[in-house]
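Next up, my_file15.txt (compact mmCIF, C-alpha atoms and all ligand atoms):
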```
# COMPACT_ATOMS: atom_id res chain seq x y z
CA MET A 46 118.35 81.15 84.90
CA HIS A 47 115.19 82.91 85.93
CA GLU A 48 115.26 84.27 82.36
CA TRP A 49 113.27 81.16 81.40
CA ALA A 50 110.23 82.28 83.34
CA LEU A 51 110.15 85.60 81.49
CA ALA A 52 110.86 83.99 78.12
CA GLU A 53 107.87 81.75 78.74
CA SER A 54 105.72 84.85 79.27
CA VAL A 55 106.83 86.22 75.89
CA ILE A 56 105.91 82.96 74.14
CA LYS A 57 102.56 82.82 75.92
CA THR A 58 101.77 86.44 75.01
CA ALA A 59 102.62 85.77 71.35
CA VAL A 60 100.39 82.69 71.33
CA GLU A 61 97.52 84.62 72.93
CA HIS A 62 98.04 87.49 70.49
CA ALA A 63 97.87 85.04 67.56
CA ALA A 64 94.68 83.48 68.93
CA ARG A 65 93.01 86.87 69.45
CA GLY A 66 93.96 88.10 65.96
CA LYS A 67 93.11 84.69 64.44
CA LEU A 68 96.67 84.46 63.07
CA ARG A 69 97.81 81.21 61.47
CA SER A 70 101.43 81.99 62.17
CA VAL A 71 103.58 84.51 63.98
CA SER A 72 106.55 85.66 61.93
CA GLU A 73 108.28 88.14 64.18
CA VAL A 74 108.28 89.20 67.82
CA ALA A 75 110.36 92.18 68.90
CA VAL A 76 111.30 92.15 72.59
CA PHE A 77 112.90 94.97 74.54
CA LEU A 78 115.36 93.86 77.18
CA GLY A 79 115.64 96.76 79.59
CA GLU A 80 119.13 97.65 80.75
CA LEU A 81 118.08 97.92 84.41
CA GLN A 82 117.12 94.24 84.72
CA SER A 83 120.21 93.12 82.75
CA ILE A 84 118.64 90.00 81.34
CA ASP A 85 121.21 87.66 79.77
CA LYS A 86 120.45 87.95 76.06
CA GLU A 87 121.98 84.60 75.16
CA ILE A 88 120.09 82.66 77.81
CA PHE A 89 116.91 84.49 76.88
CA ALA A 90 117.32 83.67 73.16
CA PHE A 91 118.10 80.04 73.99
CA ALA A 92 115.07 79.79 76.29
CA LEU A 93 112.80 81.23 73.59
CA ALA A 94 114.14 78.76 71.01
CA GLU A 95 113.61 75.82 73.37
CA LEU A 96 110.15 76.92 74.51
CA VAL A 97 108.94 77.43 70.93
CA LYS A 98 109.49 73.71 70.26
CA SER A 99 106.74 72.70 72.67
CA SER A 100 104.43 75.60 71.82
CA PHE A 101 101.80 76.56 69.21
CA LYS A 102 102.93 75.32 65.76
CA GLY A 103 102.36 78.73 64.17
CA LEU A 104 105.30 80.01 66.21
CA SER A 105 107.86 77.58 64.76
CA GLY A 106 109.16 79.96 62.07
CA CYS A 107 109.05 83.03 64.29
CA LYS A 108 112.03 85.37 64.47
CA PHE A 109 112.63 86.80 67.92
CA ARG A 110 114.33 90.17 67.76
CA LEU A 111 115.93 90.98 71.10
CA LEU A 112 116.55 94.71 71.45
CA ALA A 113 118.63 96.33 74.17
CA GLU A 114 116.75 99.24 75.72
CA PRO A 115 118.88 101.72 77.70
CA ALA A 116 117.56 102.60 81.14
CA ALA A 117 116.56 106.17 81.90
CA PHE A 118 115.43 107.76 85.15
CA LYS A 119 113.82 111.00 86.25
CA CYS A 120 113.81 112.15 89.84
CA LYS A 121 110.38 113.07 91.17
CA ALA A 122 111.87 115.19 93.92
CA CYS A 123 114.25 117.42 91.90
CA SER A 124 113.40 116.55 88.24
CA LYS A 125 116.99 115.49 87.43
CA GLU A 126 117.20 113.05 84.54
CA PHE A 127 119.93 110.40 84.72
CA THR A 128 121.13 107.08 83.32
CA LEU A 129 122.20 103.80 84.87
CA LYS A 130 125.91 104.49 84.22
CA VAL A 131 126.13 107.20 86.87
CA LEU A 132 124.64 104.93 89.56
CA LYS A 133 126.74 102.77 91.87
CA LYS A 134 125.60 99.35 93.04
CA THR A 135 127.24 96.25 94.47
CA GLU A 136 127.07 92.92 92.69
CA GLU A 137 124.50 91.67 95.18
CA GLU A 138 122.35 94.76 94.70
CA ALA A 139 122.55 94.31 90.92
CA GLU A 140 121.45 90.70 91.36
CA ASN A 141 118.44 91.76 93.43
CA ILE A 142 117.50 94.36 90.80
CA HIS A 143 117.87 91.62 88.19
CA PHE A 144 115.14 89.61 89.95
CA ILE A 145 112.88 92.56 90.79
CA PRO A 146 113.80 95.78 88.97
CA GLU A 147 111.82 97.85 91.50
CA MET A 148 114.58 97.10 93.97
CA ALA A 149 116.27 100.00 92.15
CA HIS A 150 114.30 102.22 94.54
CA THR A 151 115.92 100.41 97.46
CA PHE A 152 119.50 100.47 96.22
CA LEU A 153 119.79 103.44 93.84
CA LYS A 154 119.38 107.15 94.48
CA CYS A 155 119.03 110.31 92.45
CA PRO A 156 122.62 111.48 91.84
CA ARG A 157 121.65 115.09 92.60
CA CYS A 158 119.35 114.97 95.65
CA LYS A 159 119.78 111.34 96.83
CA SER A 160 116.04 110.65 96.69
CA PRO A 161 114.82 107.09 95.96
CA ASP A 162 111.63 108.64 94.56
CA PHE A 163 112.39 108.56 90.84
CA ASP A 164 110.59 107.26 87.77
CA ILE A 165 112.12 104.55 85.63
CA THR A 166 111.19 106.20 82.33
CA ALA A 167 112.73 103.54 80.08
CA GLY A 168 114.60 100.26 80.10
CA ARG A 169 113.02 98.66 83.17
CA GLY A 170 112.70 95.03 82.10
CA VAL A 171 111.20 92.75 79.48
CA SER A 172 108.50 94.19 77.23
CA ILE A 173 107.19 93.38 73.78
CA LYS A 174 107.56 96.05 71.10
CA PHE A 175 105.49 94.29 68.45
CA ILE A 176 104.18 90.94 67.26
CA LYS A 177 103.78 90.31 63.51
CA GLY A 178 102.02 87.41 61.88
CA GLU A 179 99.92 86.14 58.98
CA ALA A 180 96.20 85.52 59.09
CA MET B 166 101.16 99.59 69.13
CA ALA B 167 102.21 100.40 72.68
CA ASN B 168 104.67 98.09 74.38
CA LEU B 169 103.03 94.93 75.67
CA ASP B 170 103.74 93.61 79.14
CA PRO B 171 104.21 89.85 78.65
CA ARG B 172 104.35 88.95 82.35
CA PRO B 173 100.66 88.76 83.30
CA SER B 174 100.08 86.08 80.65
CA VAL B 175 102.16 83.57 82.57
CA ILE B 176 100.81 84.20 86.08
CA GLY B 177 97.95 81.75 85.58
CA VAL B 178 100.46 79.06 84.60
CA ARG B 179 102.53 79.69 87.73
CA LEU B 180 99.44 79.32 89.94
CA SER B 181 97.80 76.51 88.00
CA LYS B 182 98.77 73.75 90.44
CA ILE B 183 97.62 75.60 93.54
CA LYS B 184 94.33 74.29 94.91
CA ARG B 185 93.36 77.22 97.12
CA MET B 186 94.65 80.72 97.57
CA ILE B 187 93.81 82.58 100.74
CA ALA B 188 94.50 86.29 101.12
CA VAL B 189 94.74 87.33 104.77
CA THR B 190 93.54 90.90 104.95
CA GLY B 191 91.34 93.19 107.05
CA TRP B 192 92.42 96.57 105.70
CA LYS B 193 93.23 97.97 109.14
CA GLY B 194 96.91 98.10 110.07
CA GLY B 195 98.47 96.21 112.93
CA ILE B 196 95.61 93.82 113.63
CA GLY B 197 97.62 90.61 113.25
CA LYS B 198 97.41 89.83 109.53
CA SER B 199 101.05 88.81 109.25
CA VAL B 200 101.14 86.61 112.36
CA THR B 201 97.83 85.05 111.31
CA ALA B 202 98.97 84.38 107.72
CA SER B 203 102.32 82.99 108.85
CA ALA B 204 100.95 80.82 111.66
CA LEU B 205 98.15 79.54 109.42
CA ALA B 206 100.73 78.49 106.82
CA LEU B 207 102.78 76.72 109.54
CA LEU B 208 99.67 74.95 110.88
CA LEU B 209 98.56 73.76 107.44
CA ALA B 210 102.05 72.53 106.58
CA LYS B 211 102.18 70.66 109.88
CA LYS B 212 98.90 68.95 109.05
CA GLY B 213 100.55 67.64 105.92
CA PHE B 214 99.16 70.07 103.36
CA LYS B 215 101.53 71.38 100.70
CA THR B 216 101.58 75.01 101.72
CA GLY B 217 103.05 78.24 100.40
CA LEU B 218 103.24 81.69 101.97
CA LEU B 219 103.55 84.85 99.88
CA ASP B 220 104.24 88.17 101.55
CA LEU B 221 102.70 90.90 99.40
CA ASP B 222 103.30 93.68 101.90
CA LEU B 223 106.28 95.16 100.10
CA ALA B 224 106.70 98.21 102.32
CA GLY B 225 106.12 96.38 105.58
CA ALA B 226 107.26 92.85 104.79
CA SER B 227 106.93 90.92 108.07
CA ALA B 228 106.35 87.23 107.41
CA HIS B 229 110.10 86.54 107.17
CA VAL B 230 110.46 87.99 110.67
CA VAL B 231 107.63 85.82 112.00
CA LEU B 232 109.12 82.70 110.40
CA GLY B 233 112.72 83.59 111.18
CA ALA B 234 113.55 83.06 107.52
CA GLY B 235 116.71 85.15 107.66
CA GLY B 236 119.19 82.91 105.90
CA ALA B 237 116.89 81.54 103.21
CA PHE B 238 117.01 82.54 99.54
CA PRO B 239 115.09 81.31 96.47
CA LYS B 240 116.77 78.93 94.06
CA GLU B 241 117.15 80.06 90.46
CA GLU B 242 115.62 77.35 88.31
CA MET B 243 113.40 78.25 85.32
CA GLY B 244 112.32 81.11 87.54
CA LEU B 245 112.65 81.29 91.30
CA GLU B 246 111.87 78.34 93.53
CA PRO B 247 110.81 79.55 96.97
CA PRO B 248 112.91 78.23 99.85
CA ILE B 249 111.14 75.93 102.30
CA VAL B 250 110.96 77.37 105.80
CA ALA B 251 109.50 75.07 108.49
CA GLY B 252 107.72 73.09 105.79
CA VAL B 253 106.32 76.18 104.05
CA LYS B 254 107.37 77.38 100.59
CA PHE B 255 108.02 81.02 101.27
CA MET B 256 108.37 84.04 98.99
CA SER B 257 108.89 87.64 99.99
CA VAL B 258 110.38 90.84 98.67
CA ALA B 259 112.52 90.72 101.80
CA PHE B 260 114.81 88.23 100.01
CA PHE B 261 115.79 91.00 97.60
CA SER B 262 115.90 94.12 99.76
CA ASN B 263 118.81 93.29 102.10
CA ASN B 264 116.77 94.44 105.06
CA LYS B 265 116.50 97.94 103.60
CA ALA B 266 113.40 100.06 102.99
CA VAL B 267 111.38 99.44 99.82
CA PRO B 268 110.00 102.91 99.00
CA LEU B 269 107.68 102.24 96.07
CA ARG B 270 104.87 104.27 94.55
CA GLY B 271 101.68 102.40 93.67
CA ALA B 272 102.44 101.62 90.03
CA ASN B 273 105.82 100.23 91.06
CA VAL B 274 104.24 98.11 93.77
CA SER B 275 102.12 96.61 91.01
CA HIS B 276 105.17 96.06 88.81
CA ALA B 277 107.03 94.26 91.60
CA ILE B 278 104.02 92.08 92.45
CA ILE B 279 103.55 91.09 88.80
CA GLU B 280 107.27 90.29 88.55
CA MET B 281 107.14 88.08 91.66
CA LEU B 282 104.02 86.28 90.46
CA ALA B 283 105.51 85.74 86.98
CA ILE B 284 108.83 84.27 88.11
CA THR B 285 107.93 82.29 91.23
CA GLN B 286 107.64 78.56 90.60
CA TRP B 287 105.35 77.34 93.36
CA GLY B 288 104.71 73.93 91.86
CA GLU B 289 101.93 71.89 93.42
CA LEU B 290 100.30 73.37 96.51
CA ASP B 291 97.18 72.66 98.52
CA PHE B 292 97.23 76.19 99.93
CA LEU B 293 98.91 79.46 99.10
CA ILE B 294 98.47 81.86 101.99
CA ILE B 295 98.98 85.52 101.11
CA ASP B 296 99.94 88.11 103.70
CA MET B 297 98.35 91.36 102.53
CA PRO B 298 99.38 94.91 103.36
CA PRO B 299 96.87 97.08 105.22
CA GLY B 300 94.39 99.04 103.15
CA ILE B 301 92.75 98.68 99.81
CA ASN B 302 95.65 99.64 97.61
CA ASP B 303 97.63 98.37 94.67
CA ALA B 304 98.42 95.02 96.27
CA ALA B 305 94.79 94.39 97.21
CA LEU B 306 93.49 95.41 93.80
CA ASP B 307 96.17 93.32 92.07
CA VAL B 308 95.15 90.25 94.03
CA ILE B 309 91.55 90.74 92.89
CA ARG B 310 92.70 91.31 89.29
CA LEU B 311 95.51 88.76 88.94
CA LEU B 312 94.45 86.05 91.41
CA PRO B 313 90.70 85.82 90.82
CA ARG B 314 90.55 82.51 92.66
CA ALA B 315 91.88 84.00 95.89
CA GLU B 316 89.53 83.80 98.88
CA ILE B 317 89.53 86.50 101.52
CA LEU B 318 90.26 85.63 105.13
CA ALA B 319 89.71 88.85 107.02
CA VAL B 320 91.17 89.65 110.42
CA THR B 321 89.61 92.07 112.85
CA THR B 322 90.17 93.15 116.45
CA PRO B 323 87.79 94.17 119.24
CA SER B 324 87.51 97.80 118.21
CA VAL B 325 84.72 99.76 116.57
CA ILE B 326 87.37 101.20 114.28
CA ALA B 327 88.54 97.80 113.07
CA HIS B 328 84.94 96.61 112.68
CA SER B 329 83.97 99.68 110.72
CA VAL B 330 86.87 99.26 108.31
CA LEU B 331 86.09 95.55 108.06
CA GLU B 332 82.45 96.14 107.18
CA ARG B 333 83.42 98.49 104.38
CA SER B 334 85.89 95.91 103.04
CA LEU B 335 83.32 93.11 103.13
CA GLU B 336 80.85 95.33 101.31
CA LEU B 337 83.36 95.92 98.53
CA TYR B 338 84.38 92.27 98.25
CA LYS B 339 80.73 91.37 98.00
CA SER B 340 80.06 93.84 95.21
CA LEU B 341 83.15 92.59 93.36
CA LYS B 342 82.05 88.98 93.93
CA VAL B 343 85.33 88.14 95.64
CA PRO B 344 84.78 85.04 97.77
CA VAL B 345 85.07 85.67 101.51
CA LEU B 346 86.08 82.62 103.48
CA GLY B 347 85.50 84.15 106.88
CA VAL B 348 86.50 86.61 109.54
CA ILE B 349 88.89 85.92 112.40
CA ALA B 350 88.31 87.98 115.52
CA ASN B 351 91.87 88.45 116.79
CA MET B 352 93.26 89.76 120.09
CA GLU B 353 90.15 88.78 121.98
CA ARG B 354 90.75 89.33 125.69
CA GLY B 355 89.46 87.21 128.54
CA ALA B 356 87.87 84.73 126.21
CA GLY B 357 89.58 81.80 127.92
CA ASP B 358 89.56 78.48 126.20
CA ARG B 359 86.15 79.10 124.66
CA SER B 360 87.76 81.67 122.45
CA THR B 361 86.84 80.02 119.23
CA THR B 362 83.50 79.23 117.69
CA ALA B 363 84.97 76.24 115.93
CA ARG B 364 83.37 73.75 118.24
CA ALA B 365 80.78 72.09 116.07
CA VAL B 366 83.53 71.24 113.66
CA CYS B 367 82.48 70.78 110.07
CA LYS B 368 78.77 71.31 110.55
CA ARG B 369 77.80 73.92 107.99
CA PRO B 370 81.05 75.83 107.99
CA LEU B 371 80.56 79.58 108.22
CA ALA B 372 76.84 79.50 107.55
CA GLY B 373 74.27 80.12 110.24
CA ARG B 374 76.80 80.90 112.92
CA ARG B 375 76.09 83.58 115.51
CA ALA B 376 78.47 86.44 115.24
CA GLY B 377 76.63 88.74 117.58
CA ASN B 378 78.52 87.68 120.69
CA ARG B 379 80.08 90.21 122.95
CA SER B 380 83.80 90.66 122.66
CA GLY B 381 85.59 93.07 124.91
CA GLY B 382 82.48 95.19 125.16
CA VAL B 383 82.27 95.78 121.42
CA ARG B 384 79.45 94.15 119.56
CA LEU B 385 80.64 92.23 116.52
CA ARG B 386 78.32 93.14 113.75
CA LEU B 387 80.09 91.36 110.94
CA ASP B 388 77.13 91.23 108.70
CA PRO B 389 74.10 93.03 110.00
CA ARG B 390 71.62 92.06 107.30
CA GLU B 391 68.90 89.54 108.03
CA GLY B 392 69.25 86.14 106.48
CA GLU B 393 72.88 86.59 105.48
CA PRO B 394 75.29 83.85 106.45
CA ARG B 395 77.40 84.97 109.38
CA LEU B 396 81.04 85.19 108.53
CA LEU B 397 82.75 84.75 111.87
CA ALA B 398 85.16 81.85 111.50
CA GLY B 399 86.43 82.01 115.05
CA ARG B 400 88.15 83.93 117.79
CA VAL B 401 91.81 84.11 118.66
CA ARG B 402 92.89 85.15 122.13
CA TYR B 403 95.30 87.94 122.90
CA ASP B 404 98.40 85.95 123.78
CA SER B 405 101.18 87.81 125.57
CA ALA B 406 103.53 84.87 124.89
CA LEU B 407 103.32 85.36 121.12
CA GLU B 408 105.90 88.14 120.94
CA LYS B 409 108.63 85.94 122.43
CA ALA B 410 107.84 83.11 120.02
CA LEU B 411 108.22 85.25 116.88
CA GLY B 412 111.10 84.10 114.71
CA SER B 413 110.76 80.47 115.79
CA PRO B 414 108.15 78.38 113.98
CA ASP B 415 108.32 75.64 116.65
CA LYS B 416 107.62 78.08 119.44
CA ILE B 417 104.83 79.79 117.51
CA LEU B 418 103.07 76.46 116.99
CA LYS B 419 103.06 75.94 120.76
CA THR B 420 101.37 79.26 121.63
CA ASN B 421 97.72 79.69 122.56
CA PHE B 422 97.53 81.98 119.56
CA ALA B 423 98.38 79.06 117.25
CA LYS B 424 96.12 76.74 119.24
CA ASP B 425 93.11 79.01 118.66
CA LEU B 426 94.04 79.50 115.03
CA GLY B 427 94.46 75.75 114.61
CA LYS B 428 90.87 75.16 115.71
CA ILE B 429 89.69 77.72 113.20
CA ALA B 430 91.77 76.07 110.47
CA ASP B 431 90.24 72.68 111.31
CA PHE B 432 86.84 74.28 111.12
CA MET B 433 87.47 76.04 107.82
CA PHE B 434 89.38 73.34 106.03
CA CYS B 435 88.21 70.07 107.49
CA GLY B 436 86.56 69.17 104.19
CA MET B 437 89.98 69.18 102.55
CA PRO B 438 91.55 65.74 102.26
CA GLU B 439 94.76 65.51 104.28
CA LEU B 440 97.80 63.91 102.80
N1 LIG A 501 96.41 87.40 119.24
C1 LIG A 501 97.51 88.12 119.48
N2 LIG A 501 98.07 88.12 120.73
C2 LIG A 501 99.16 88.84 120.99
N3 LIG A 501 99.81 89.61 120.10
C3 LIG A 501 99.31 89.66 118.86
C4 LIG A 501 98.15 88.91 118.47
N4 LIG A 501 97.91 89.16 117.17
C5 LIG A 501 98.87 89.99 116.75
N5 LIG A 501 99.72 90.30 117.76
C6 LIG A 501 100.89 91.21 117.69
O1 LIG A 501 100.46 92.42 117.14
C7 LIG A 501 101.49 93.00 116.34
C8 LIG A 501 100.95 93.28 114.95
O2 LIG A 501 100.76 92.05 114.29
P1 LIG A 501 101.00 91.90 112.73
O3 LIG A 501 102.29 92.50 112.33
O4 LIG A 501 100.74 90.50 112.36
O5 LIG A 501 99.82 92.85 112.21
P2 LIG A 501 99.50 93.25 110.71
O6 LIG A 501 98.02 93.37 110.62
O7 LIG A 501 100.17 92.32 109.78
O8 LIG A 501 100.18 94.67 110.62
P3 LIG A 501 100.42 95.54 109.25
O9 LIG A 501 99.13 96.23 109.00
O10 LIG A 501 101.53 96.48 109.64
O11 LIG A 501 100.80 94.58 108.19
C9 LIG A 501 102.65 92.03 116.36
O12 LIG A 501 103.58 92.41 117.31
C10 LIG A 501 101.98 90.71 116.75
O13 LIG A 501 102.87 89.85 117.41
MG MG A 502 101.50 92.71 108.19
ZN ZN A 503 116.64 114.22 92.74
```

Since I need it in another form, could you write the structure as structure tokens?
Ligand SMILES: Nc1ncnc2c1ncn2[C@@H]1O[C@H](COP(=O)(O)OP(=O)(O)OP(=O)(O)O)[C@@H](O)[C@H]1O
Ligand SMILES: [Mg+2]
Ligand SMILES: [Zn+2]
Amino acid sequence: MHEWALAESVIKTAVEHAARGKLRSVSEVAVFLGELQSIDKEIFAFALAELVKSSFKGLSGCKFRLLAEPAAFKCKACSKEFTLKVLKKTEEEAENIHFIPEMAHTFLKCPRCKSPDFDITAGRGVSIKFIKGEA
Amino acid sequence: MANLDPRPSVIGVRLSKIKRMIAVTGWKGGIGKSVTASALALLLAKKGFKTGLLDLDLAGASAHVVLGAGGAFPKEEMGLEPPIVAGVKFMSVAFFSNNKAVPLRGANVSHAIIEMLAITQWGELDFLIIDMPPGINDAALDVIRLLPRAEILAVTTPSVIAHSVLERSLELYKSLKVPVLGVIANMERGAGDRSTTARAVCKRPLAGRRAGNRSGGVRLRLDPREGEPRLLAGRVRYDSALEKALGSPDKILKTNFAKDLGKIADFMFCGMPEL
């Protein structure tokens, strides 16, 4: 359930965003869940709902939109672009990538040239697409 | 609006119950940063301080080898709880890499460090010791940026090369107003039992101490300017028995290396209340 730690970071970022923009309330937060990290959407949604209860009051009516973001890669050595589907990994390797997505460079390789030197161009982990609120 | 990275916001929360953070560095490679960081964590834990050890050398993770932390793994609980190895809460990328290489470019090193800092639940600690990679690179800059409370404990060896690199690092830390706790002169040869300056324990720690002693023929010029407090915290002997003790915390604590380091720790931290 390390999802909780990341959910807490989303709540904290929303609260800080509200404070900076002098918002009275936050109505909507859109969160990308990158395919590579394979965050459990249900646990993440539950954690957000629980954490909101003990957070800034202006967040109580907030809708959290959790969006799946497909992972995409581009090899730096041979320029091949590829997706997660073509990559093989064991359950243990997937678990390690779940904790630290950069472990992809340890366990995954470019399908064409076998290089671990690729960019994760999309769908790495948790990021916030937007935060909406009322002043 | 570009995508926001939520993780940095929570790092301060994760570190909020840590009294002191000490980054063991020195910029030069192979000078004993990892053995110093690991043994210092073991010594502090043995004295009864709540101690953590974080290995931030992703490419050359070593602290798990020093501690012999092979079988340990963090516990998943609202994040990751570091396993306790010989009394030390320990976190390293080595838990996740299955003993394989971690070939990361700089930006990815940063990503991985932020991830580790955001999900690791250290709880209450008196000390978090950080084993730094060599050089002034992403990890070093991230520590300055993300852990502004971290104090530098620099390691050097009796070599003009190590001293030259050290002086440049101290200059930069000074200009960035990063607190420097002191410098440990490691691998000192023939220094016998008087290998540490930590004799007048607790009297004006780090200030007014003479660093201009001879060490292996190389003059330590840790801070050449007049009137500046000298930074030498102490000397640690070259100990040929250290290699055989690696992997066993009990054996490490019995080495002359740990003995010298223990005196320095007493000297540096004797103001801290023990538990
Ligand atoms: N005082 C000492 N006496 C004997 N051996 C030592 C001493 N200090 C360090 N060593 C040995 O030197 C080697 C390098 O030490 P260590 O790995 O801690 O250096 P490092 O600065 O962390 O290296 P890197 O830059 O690769 O991270 C190790 O084999 C260690 O056991
Ligand atoms: Mg090292
Ligand atoms: Zn390729």

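Using all atoms listed in the file for every distance, the candidate list A:Asn141, A:Ser124, A:Thr166, A:Thr135 yields A:Asn141 as the residue closest to chain B.
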
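The space separating CA of Phe101 (chain A) from CA of Ile145 (chain A) comes to 29.1 Å.
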
Subject >> Environment of ligand LIG 501 (chain A) within 7 Å, counting only C-alpha atoms and all ligand atoms, reported as a PyMOL selection string >> reply: chain B and resi 193-201+222+225+227+297-299+351-353+401-405+407-408+422

Write out as a PDB file with C-alpha atoms, keeping the file's coordinate frame which residues come within 9 Å of Asp307 (chain B) when counting only C-alpha atoms, dropping same-chain ones fewer than 3 positions away.
```pdb
ATOM      1  CA  SER B 275     102.120  96.610  91.010  1.00  0.00           C
ATOM      2  CA  ILE B 278     104.020  92.080  92.450  1.00  0.00           C
ATOM      3  CA  ILE B 279     103.550  91.090  88.800  1.00  0.00           C
ATOM      4  CA  ASN B 302      95.650  99.640  97.610  1.00  0.00           C
ATOM      5  CA  ASP B 303      97.630  98.370  94.670  1.00  0.00           C
ATOM      6  CA  ALA B 304      98.420  95.020  96.270  1.00  0.00           C
ATOM      7  CA  ARG B 310      92.700  91.310  89.290  1.00  0.00           C
ATOM      8  CA  LEU B 311      95.510  88.760  88.940  1.00  0.00           C
ATOM      9  CA  LEU B 312      94.450  86.050  91.410  1.00  0.00           C
TER      10      LEU B 312
END
```

Expected answer as a PDB file with C-alpha atoms, in the coordinates of the input: chain B residues within 10 Å of chain A, only C-alpha atoms:
```
ATOM      1  CA  MET B 166     101.160  99.590  69.130  1.00  0.00           C
ATOM      2  CA  ALA B 167     102.210 100.400  72.680  1.00  0.00           C
ATOM      3  CA  ASN B 168     104.670  98.090  74.380  1.00  0.00           C
ATOM      4  CA  LEU B 169     103.030  94.930  75.670  1.00  0.00           C
ATOM      5  CA  ASP B 170     103.740  93.610  79.140  1.00  0.00           C
ATOM      6  CA  PRO B 171     104.210  89.850  78.650  1.00  0.00           C
ATOM      7  CA  ARG B 172     104.350  88.950  82.350  1.00  0.00           C
ATOM      8  CA  PRO B 173     100.660  88.760  83.300  1.00  0.00           C
ATOM      9  CA  SER B 174     100.080  86.080  80.650  1.00  0.00           C
ATOM     10  CA  VAL B 175     102.160  83.570  82.570  1.00  0.00           C
ATOM     11  CA  ILE B 176     100.810  84.200  86.080  1.00  0.00           C
ATOM     12  CA  VAL B 178     100.460  79.060  84.600  1.00  0.00           C
ATOM     13  CA  ARG B 179     102.530  79.690  87.730  1.00  0.00           C
ATOM     14  CA  LYS B 240     116.770  78.930  94.060  1.00  0.00           C
ATOM     15  CA  GLU B 241     117.150  80.060  90.460  1.00  0.00           C
ATOM     16  CA  GLU B 242     115.620  77.350  88.310  1.00  0.00           C
ATOM     17  CA  MET B 243     113.400  78.250  85.320  1.00  0.00           C
ATOM     18  CA  GLY B 244     112.320  81.110  87.540  1.00  0.00           C
ATOM     19  CA  LEU B 245     112.650  81.290  91.300  1.00  0.00           C
ATOM     20  CA  GLU B 246     111.870  78.340  93.530  1.00  0.00           C
ATOM     21  CA  VAL B 258     110.380  90.840  98.670  1.00  0.00           C
ATOM     22  CA  PHE B 260     114.810  88.230 100.010  1.00  0.00           C
ATOM     23  CA  PHE B 261     115.790  91.000  97.600  1.00  0.00           C
ATOM     24  CA  SER B 262     115.900  94.120  99.760  1.00  0.00           C
ATOM     25  CA  ASN B 263     118.810  93.290 102.100  1.00  0.00           C
ATOM     26  CA  ASN B 264     116.770  94.440 105.060  1.00  0.00           C
ATOM     27  CA  LYS B 265     116.500  97.940 103.600  1.00  0.00           C
ATOM     28  CA  ALA B 266     113.400 100.060 102.990  1.00  0.00           C
ATOM     29  CA  VAL B 267     111.380  99.440  99.820  1.00  0.00           C
ATOM     30  CA  PRO B 268     110.000 102.910  99.000  1.00  0.00           C
ATOM     31  CA  LEU B 269     107.680 102.240  96.070  1.00  0.00           C
ATOM     32  CA  ARG B 270     104.870 104.270  94.550  1.00  0.00           C
ATOM     33  CA  ASN B 273     105.820 100.230  91.060  1.00  0.00           C
ATOM     34  CA  VAL B 274     104.240  98.110  93.770  1.00  0.00           C
ATOM     35  CA  SER B 275     102.120  96.610  91.010  1.00  0.00           C
ATOM     36  CA  HIS B 276     105.170  96.060  88.810  1.00  0.00           C
ATOM     37  CA  ALA B 277     107.030  94.260  91.600  1.00  0.00           C
ATOM     38  CA  ILE B 278     104.020  92.080  92.450  1.00  0.00           C
ATOM     39  CA  ILE B 279     103.550  91.090  88.800  1.00  0.00           C
ATOM     40  CA  GLU B 280     107.270  90.290  88.550  1.00  0.00           C
ATOM     41  CA  MET B 281     107.140  88.080  91.660  1.00  0.00           C
ATOM     42  CA  ALA B 283     105.510  85.740  86.980  1.00  0.00           C
ATOM     43  CA  ILE B 284     108.830  84.270  88.110  1.00  0.00           C
ATOM     44  CA  THR B 285     107.930  82.290  91.230  1.00  0.00           C
ATOM     45  CA  GLN B 286     107.640  78.560  90.600  1.00  0.00           C
TER      46      GLN B 286
END
```

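In this model, the gap between CA of Lys182 (chain B) and CA of Gly288 (chain B) comes to 6.1 Å.
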
Cut-off 8 Å: closest chain A/ligand ZN 503 (chain A) atom pairs per residue, using all atoms listed in the file, as CSV:
```
residue,atom,partner,partner_atom,distance
A:Lys119,CA,A:ZN503,ZN,7.8
A:Cys120,CA,A:ZN503,ZN,4.6
A:Lys121,CA,A:ZN503,ZN,6.6
A:Ala122,CA,A:ZN503,ZN,5.0
A:Cys123,CA,A:ZN503,ZN,4.1
A:Ser124,CA,A:ZN503,ZN,6.0
A:Lys125,CA,A:ZN503,ZN,5.5
A:Lys154,CA,A:ZN503,ZN,7.8
A:Cys155,CA,A:ZN503,ZN,4.6
A:Pro156,CA,A:ZN503,ZN,6.6
A:Arg157,CA,A:ZN503,ZN,5.1
A:Cys158,CA,A:ZN503,ZN,4.0
A:Lys159,CA,A:ZN503,ZN,5.9
A:Ser160,CA,A:ZN503,ZN,5.4
A:Asp162,CA,A:ZN503,ZN,7.7
A:Phe163,CA,A:ZN503,ZN,7.3
```

Subject >> Distance of CA of Ala228 (chain B) from CA of Leu418 (chain B), expressed in Å to one decimal place >> reply: 14.8 Å

Subject >> Local residues around (127.2, 106.2, 84.5), at most 12 Å away, using all atoms listed in the file, as a list in words >> reply: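 Those within range, by chain then number, are Pro115, Ala116, Ala117, Phe118, Phe127, Thr128, Leu129, Lys130, Val131, Leu132, Lys133, Lys134 and Pro156 of chain A.
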
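Proximity to Ala410 (chain B) at 10 Å, evaluated using only C-alpha atoms and with sequence-adjacent residues fewer than 6 positions away removed, yields B:Val231, B:Leu232, B:Lys416, B:Ile417, B:Leu418, B:Lys419, B:Thr420.
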